[in-house]
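Trainee: So that we are looking at the same thing, I have put the structure below in structure tokens.
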Amino acid sequence: MLKGKLKLPDKARRVFPDRLGSLVAGFDEKADDDGGSDLVLESGEELETIQPNGYGSSGESEIADFEEEKVGREPDLRARLPKPDRDGPGSVSVLAAIAADDKRSDLEYEVNQPEVNLEKLQRIASLGLPDGGGLRATAWKLLLGYLPSSREFWEKELMENRLKYAKLKEELLLSPSELARKKGGALSYCDPPADSAVDGPLKRREISQEDHPLSLGKASVWHQYFQHTEIAEQIDRDLPRTHPDLKFFSGDSSFSRKHREALRNILLLFAKLNPAIRYVQGMNEVLAPIYYVFSTDPNEQNAANAEADSFSCFVRLLSDSVDHFCEQLDNSAVGILATLSRLSDLLKANDEELWRHLEFTTKVKPQYYAFRWITLLLTQEFNFQSIMRIWDSLLGNPFGVQDMLLKICCAMLLCMKSRLLSGDFVANLKLLQHYPDINIEHLLQVARDIKSDSSSYRLSLSL
């Protein structure tokens, strides 16, 4: 559908098979013509925003006070998590601290190797990456294929991709007049010609039809600029809803406005480069964890370039699930309905009793609750710390994000089996649309133990 638009590195393709080809036109080399696809789909149906579980608890002080933290320092979000039950005074916390230190040491050792072992990194990530120190940011970039496995190429790759992003912003996000002034290639309509007397009368400049702001011609640079106004307005409406409990994203401070502006740039640029997909409500939720992790990297240079890095990684992440945002593909083999069907098959293969109860007794279909789970990568179901932990497992899965995502969704059902079996349609729908608090490590362990449905697994590999 969008073949040949962005060439991902070979290693990235091994981790995230890009069955659609590339998403972004012109990221490697902007096409000479501005045609693109003639197919323009309407944005998908607006997704209901539900406050993630756990928000507003007393343990959120670390995130709530992030604005007061030193710029570039990643706050310790572990304060949000409930303290574990203890068998004895300090026994669990000591063991957990030792395990965390060992995990951090293993990860630091691995990412500092001249050649990073991606398989080992995937195993480490699947068990959870440590907070702080920028390790999660580096690991996610590697797992998404944004950084090559060879450290000697990191600086070169980062520089090239950041320059490409800056060029795309200049060409596609600036208004034609701003772009002309920046390049110094055009004068204002009221500027005097260079050969006129300084104190002479002003003369109207002759401008072409294509350059006139009121031109309705499709070739007009102004017409192309204004045609995305509706999308920009939708993005502006959604951004304030992005984790409104976190000062990092919400509020009127210059700090939060800067971050929302970065998210806006990324989403609008993605929409302009992908006319067949554009922007669909909820993409802001998928982008938020990536941008947060990258912008809180203690490395000042990386944090300063979080917007550019987030754009590239956002594109790579969506390459595994972009068809879910295309309404006209809903009924195709790669659309959201097919994915929901695979979730149903996976549940049937692992617990036929629960599957029958949901499908036939209470008639609670996956479309009623799992549409948001899958399209938004669970970003609306859990608190922010849990989202990042879940994403460690998603990105660390050697078979791709969608494979692990379906297993986690299935595990969410299995962990609520007793309540679901005793509930009717209304009770079960409410339970699954407002998923309760749960031990995330237990949930992920259940997901890892799930056996893949063989038919669904073969289908996913053939796509």
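We label chains A, B, ... in the order they appear in the structure tokens, count residues from 1 in each chain, and number ligands from 1 in the order shown.
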Neighbours of Thr361 (chain A) within 12 Å (only C-alpha atoms; same-chain residues fewer than 2 positions away dropped), as a list in words?

Mentor: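 Counting only C-alpha atoms, the residues come to Glu353, Leu354, Trp355, Arg356, His357, Leu358, Glu359, Lys363, Val364, Lys365, Leu420, Leu421, Ser422, Gly423, Asp424, Phe425 and Asn428 of chain A.
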
Trainee: Which residues are near Ala447 (chain A)? Cut-off 8 Å, only C-alpha atoms, ignore same chain within fewer than 3 positions. Put them as a VMD selection string.

Mentor: chain A and resid 404 407 to 408 410 to 411 443 to 444 450

Trainee: Pick the closest to Ala139 (chain A) from A:Phe371, A:Arg237, A:Pro244, A:Asp392: which is it, counting only C-alpha atoms?

Mentor: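 The closest residue to Ala139 (chain A) is A:Asp392.
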
Trainee: Can you tell me, as a PyMOL selection string, what residues are no more than 8 Å from Leu268 (chain A) when counting only C-alpha atoms, ignoring any on the same chain fewer than 4 positions away?

Mentor: chain A and resi 173+231-232+235+264+272+279

Trainee: Would you please work out which residue, of A:Ala276, A:Leu429, A:Ala370, A:Leu127, is nearest to Leu340 (chain A) when using only C-alpha atoms?

Mentor: A:Ala370

Trainee: Of the candidates A:Gly128, A:Ala137, A:Tyr165, A:Leu147, which one gets nearest to Ile440 (chain A) if we count only C-alpha atoms?

Mentor: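 With only C-alpha atoms as the atom set, the closest residue is A:Gly128.
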
Trainee: For the atom pair CA of Asp102 (chain A) and CA of Ser126 (chain A), what is the interatomic distance in Å to one decimal place?

Mentor: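 We find that CA of Asp102 (chain A) and CA of Ser126 (chain A) lie 15.0 Å from each other.
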
Trainee: Give me every alpha helix (DSSP H) residue in region 287-344 of chain A, going by DSSP on the backbone, as number ranges by chain.

Mentor: A: 287-295, 300-304, 306-318, 336-344

Trainee: Those same residues, written as an mmCIF file, in the first residue's frame with C-alpha atoms?

Mentor:
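Written output follows (result_7.cif):
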data_model
loop_
_atom_site.group_PDB
_atom_site.id
_atom_site.type_symbol
_atom_site.label_atom_id
_atom_site.label_comp_id
_atom_site.auth_asym_id
_atom_site.auth_seq_id
_atom_site.Cartn_x
_atom_site.Cartn_y
_atom_site.Cartn_z
ATOM 1 C CA LEU A 287 3.564 8.371 20.803
ATOM 2 C CA ALA A 288 3.607 9.603 24.423
ATOM 3 C CA PRO A 289 5.647 6.767 26.052
ATOM 4 C CA ILE A 290 8.322 6.943 23.351
ATOM 5 C CA TYR A 291 8.704 10.699 23.632
ATOM 6 C CA TYR A 292 8.693 10.618 27.435
ATOM 7 C CA VAL A 293 11.429 7.971 27.624
ATOM 8 C CA PHE A 294 13.623 9.732 25.068
ATOM 9 C CA SER A 295 13.194 13.249 26.446
ATOM 10 C CA GLU A 300 21.637 16.144 27.230
ATOM 11 C CA GLN A 301 22.260 15.747 23.516
ATOM 12 C CA ASN A 302 19.849 12.819 23.266
ATOM 13 C CA ALA A 303 17.221 14.641 25.309
ATOM 14 C CA ALA A 304 17.561 17.721 23.097
ATOM 15 C CA ALA A 306 14.037 13.565 21.576
ATOM 16 C CA GLU A 307 11.557 14.906 19.035
ATOM 17 C CA ALA A 308 13.540 13.700 16.017
ATOM 18 C CA ASP A 309 14.336 10.338 17.592
ATOM 19 C CA SER A 310 10.720 9.850 18.682
ATOM 20 C CA PHE A 311 9.450 10.484 15.153
ATOM 21 C CA SER A 312 11.659 7.772 13.659
ATOM 22 C CA CYS A 313 10.810 5.255 16.381
ATOM 23 C CA PHE A 314 7.098 6.103 16.197
ATOM 24 C CA VAL A 315 7.172 5.254 12.475
ATOM 25 C CA ARG A 316 8.931 1.976 13.159
ATOM 26 C CA LEU A 317 6.512 1.037 15.915
ATOM 27 C CA LEU A 318 3.450 1.742 13.744
ATOM 28 C CA ILE A 336 -8.298 -4.789 13.071
ATOM 29 C CA LEU A 337 -11.191 -7.272 12.790
ATOM 30 C CA ALA A 338 -8.814 -10.021 11.694
ATOM 31 C CA THR A 339 -6.544 -9.242 14.641
ATOM 32 C CA LEU A 340 -9.507 -9.366 17.041
ATOM 33 C CA SER A 341 -10.413 -12.735 15.539
ATOM 34 C CA ARG A 342 -6.891 -13.987 16.228
ATOM 35 C CA LEU A 343 -7.268 -12.871 19.852
ATOM 36 C CA SER A 344 -10.478 -14.904 20.082
#

Trainee: Determine the nearest neighbour of Met416 (chain A) from the options A:Pro298, A:Tyr435, A:Leu158, A:Phe325, counting only C-alpha atoms.

Mentor: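 Of A:Pro298, A:Tyr435, A:Leu158, A:Phe325, the one nearest Met416 (chain A), counting only C-alpha atoms, is A:Tyr435.
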
Trainee: Can you pull out the residues contacting Arg104 (chain A)? Cut-off 10 Å, using only C-alpha atoms, and skip same-chain residues under 2 positions away; I want them as a PyMOL selection string.

Mentor: chain A and resi 98-102+106-110+124+129-133+135

Trainee: Just the selected residues (all heavy atoms), exported as a tab-separated table (two decimals), in the first residue's frame, please.

Mentor:
chain	number	residue	atom	x	y	z
A	98	ILE	N	18.62	-6.33	44.77
A	98	ILE	CA	19.75	-7.10	44.23
A	98	ILE	C	19.46	-7.51	42.79
A	98	ILE	O	20.32	-7.40	41.90
A	98	ILE	CB	20.02	-8.34	45.10
A	98	ILE	CG1	20.52	-7.91	46.49
A	98	ILE	CG2	21.05	-9.25	44.43
A	98	ILE	CD1	20.68	-9.06	47.45
A	99	ALA	N	18.21	-7.99	42.56
A	99	ALA	CA	17.84	-8.39	41.20
A	99	ALA	C	17.88	-7.21	40.24
A	99	ALA	O	18.32	-7.33	39.10
A	99	ALA	CB	16.45	-9.03	41.22
A	100	ALA	N	17.42	-6.04	40.71
A	100	ALA	CA	17.43	-4.84	39.87
A	100	ALA	C	18.85	-4.42	39.53
A	100	ALA	O	19.15	-4.03	38.40
A	100	ALA	CB	16.69	-3.71	40.57
A	101	ASP	N	19.75	-4.50	40.51
A	101	ASP	CA	21.15	-4.15	40.26
A	101	ASP	C	21.79	-5.10	39.26
A	101	ASP	O	22.56	-4.69	38.39
A	101	ASP	CB	21.94	-4.16	41.58
A	101	ASP	CG	21.61	-2.97	42.46
A	101	ASP	OD1	21.05	-1.98	41.94
A	101	ASP	OD2	21.90	-3.01	43.68
A	102	ASP	N	21.48	-6.38	39.39
A	102	ASP	CA	22.02	-7.36	38.45
A	102	ASP	C	21.50	-7.09	37.03
A	102	ASP	O	22.27	-7.17	36.06
A	102	ASP	CB	21.63	-8.78	38.88
A	102	ASP	CG	22.36	-9.23	40.13
A	102	ASP	OD1	23.39	-8.58	40.48
A	102	ASP	OD2	21.91	-10.19	40.78
A	106	ASP	N	23.75	-6.11	33.79
A	106	ASP	CA	23.71	-6.89	32.55
A	106	ASP	C	23.40	-5.99	31.35
A	106	ASP	O	24.00	-6.13	30.28
A	106	ASP	CB	22.65	-7.99	32.65
A	106	ASP	CG	23.06	-9.10	33.61
A	106	ASP	OD1	24.25	-9.17	33.95
A	106	ASP	OD2	22.17	-9.88	34.03
A	107	LEU	N	22.44	-5.08	31.53
A	107	LEU	CA	22.04	-4.21	30.43
A	107	LEU	C	23.16	-3.22	30.09
A	107	LEU	O	23.46	-3.00	28.91
A	107	LEU	CB	20.77	-3.46	30.80
A	107	LEU	CG	20.20	-2.53	29.73
A	107	LEU	CD1	19.92	-3.29	28.44
A	107	LEU	CD2	18.93	-1.85	30.23
A	108	GLU	N	23.77	-2.63	31.11
A	108	GLU	CA	24.87	-1.70	30.85
A	108	GLU	C	26.01	-2.39	30.11
A	108	GLU	O	26.60	-1.82	29.19
A	108	GLU	CB	25.37	-1.12	32.17
A	108	GLU	CG	24.42	-0.11	32.80
A	108	GLU	CD	24.92	0.40	34.13
A	108	GLU	OE1	25.81	-0.26	34.73
A	108	GLU	OE2	24.44	1.45	34.60
A	109	TYR	N	26.31	-3.60	30.52
A	109	TYR	CA	27.38	-4.35	29.86
A	109	TYR	C	27.02	-4.60	28.40
A	109	TYR	O	27.86	-4.42	27.50
A	109	TYR	CB	27.61	-5.68	30.59
A	109	TYR	CG	28.61	-6.59	29.89
A	109	TYR	CD1	29.98	-6.39	30.05
A	109	TYR	CD2	28.17	-7.64	29.08
A	109	TYR	CE1	30.89	-7.21	29.40
A	109	TYR	CE2	29.07	-8.47	28.44
A	109	TYR	CZ	30.43	-8.25	28.60
A	109	TYR	OH	31.32	-9.05	27.94
A	110	GLU	N	25.78	-4.98	28.16
A	110	GLU	CA	25.38	-5.35	26.80
A	110	GLU	C	25.38	-4.15	25.87
A	110	GLU	O	25.88	-4.23	24.74
A	110	GLU	CB	24.00	-6.00	26.83
A	110	GLU	CG	23.60	-6.64	25.51
A	110	GLU	CD	24.61	-7.67	25.05
A	110	GLU	OE1	25.02	-8.51	25.87
A	110	GLU	OE2	25.00	-7.62	23.87
A	124	ILE	N	16.62	-9.56	27.95
A	124	ILE	CA	16.68	-8.66	29.09
A	124	ILE	C	15.45	-7.76	29.12
A	124	ILE	O	14.83	-7.57	30.17
A	124	ILE	CB	17.97	-7.81	29.03
A	124	ILE	CG1	19.21	-8.69	29.16
A	124	ILE	CG2	17.98	-6.74	30.12
A	124	ILE	CD1	20.53	-7.96	28.96
A	129	LEU	N	13.10	-3.46	31.82
A	129	LEU	CA	14.30	-2.63	31.80
A	129	LEU	C	14.32	-1.71	33.01
A	129	LEU	O	13.27	-1.26	33.47
A	129	LEU	CB	14.34	-1.79	30.51
A	129	LEU	CG	14.42	-2.60	29.21
A	129	LEU	CD1	14.16	-1.70	28.01
A	129	LEU	CD2	15.77	-3.29	29.09
A	130	PRO	N	15.50	-1.41	33.54
A	130	PRO	CA	15.58	-0.56	34.73
A	130	PRO	C	15.25	0.90	34.41
A	130	PRO	O	15.50	1.38	33.31
A	130	PRO	CB	17.04	-0.71	35.18
A	130	PRO	CG	17.78	-1.07	33.93
A	130	PRO	CD	16.83	-1.89	33.12
A	131	ASP	N	14.67	1.58	35.39
A	131	ASP	CA	14.39	3.01	35.25
A	131	ASP	C	15.67	3.80	35.47
A	131	ASP	O	16.58	3.36	36.17
A	131	ASP	CB	13.34	3.46	36.26
A	131	ASP	CG	12.00	2.78	36.03
A	131	ASP	OD1	11.60	2.67	34.86
A	131	ASP	OD2	11.36	2.37	37.02
A	132	GLY	N	15.73	4.98	34.91
A	132	GLY	CA	16.85	5.89	35.16
A	132	GLY	C	18.08	5.54	34.34
A	132	GLY	O	18.23	4.43	33.80
A	133	GLY	N	18.97	6.51	34.21
A	133	GLY	CA	20.25	6.29	33.55
A	133	GLY	C	20.17	6.25	32.04
A	133	GLY	O	21.19	6.01	31.37
A	135	LEU	N	18.99	4.01	30.18
A	135	LEU	CA	19.15	2.66	29.62
A	135	LEU	C	17.93	2.23	28.82
A	135	LEU	O	18.06	1.59	27.78
A	135	LEU	CB	19.43	1.66	30.75
A	135	LEU	CG	20.80	1.80	31.42
A	135	LEU	CD1	20.90	0.87	32.62
A	135	LEU	CD2	21.92	1.51	30.42
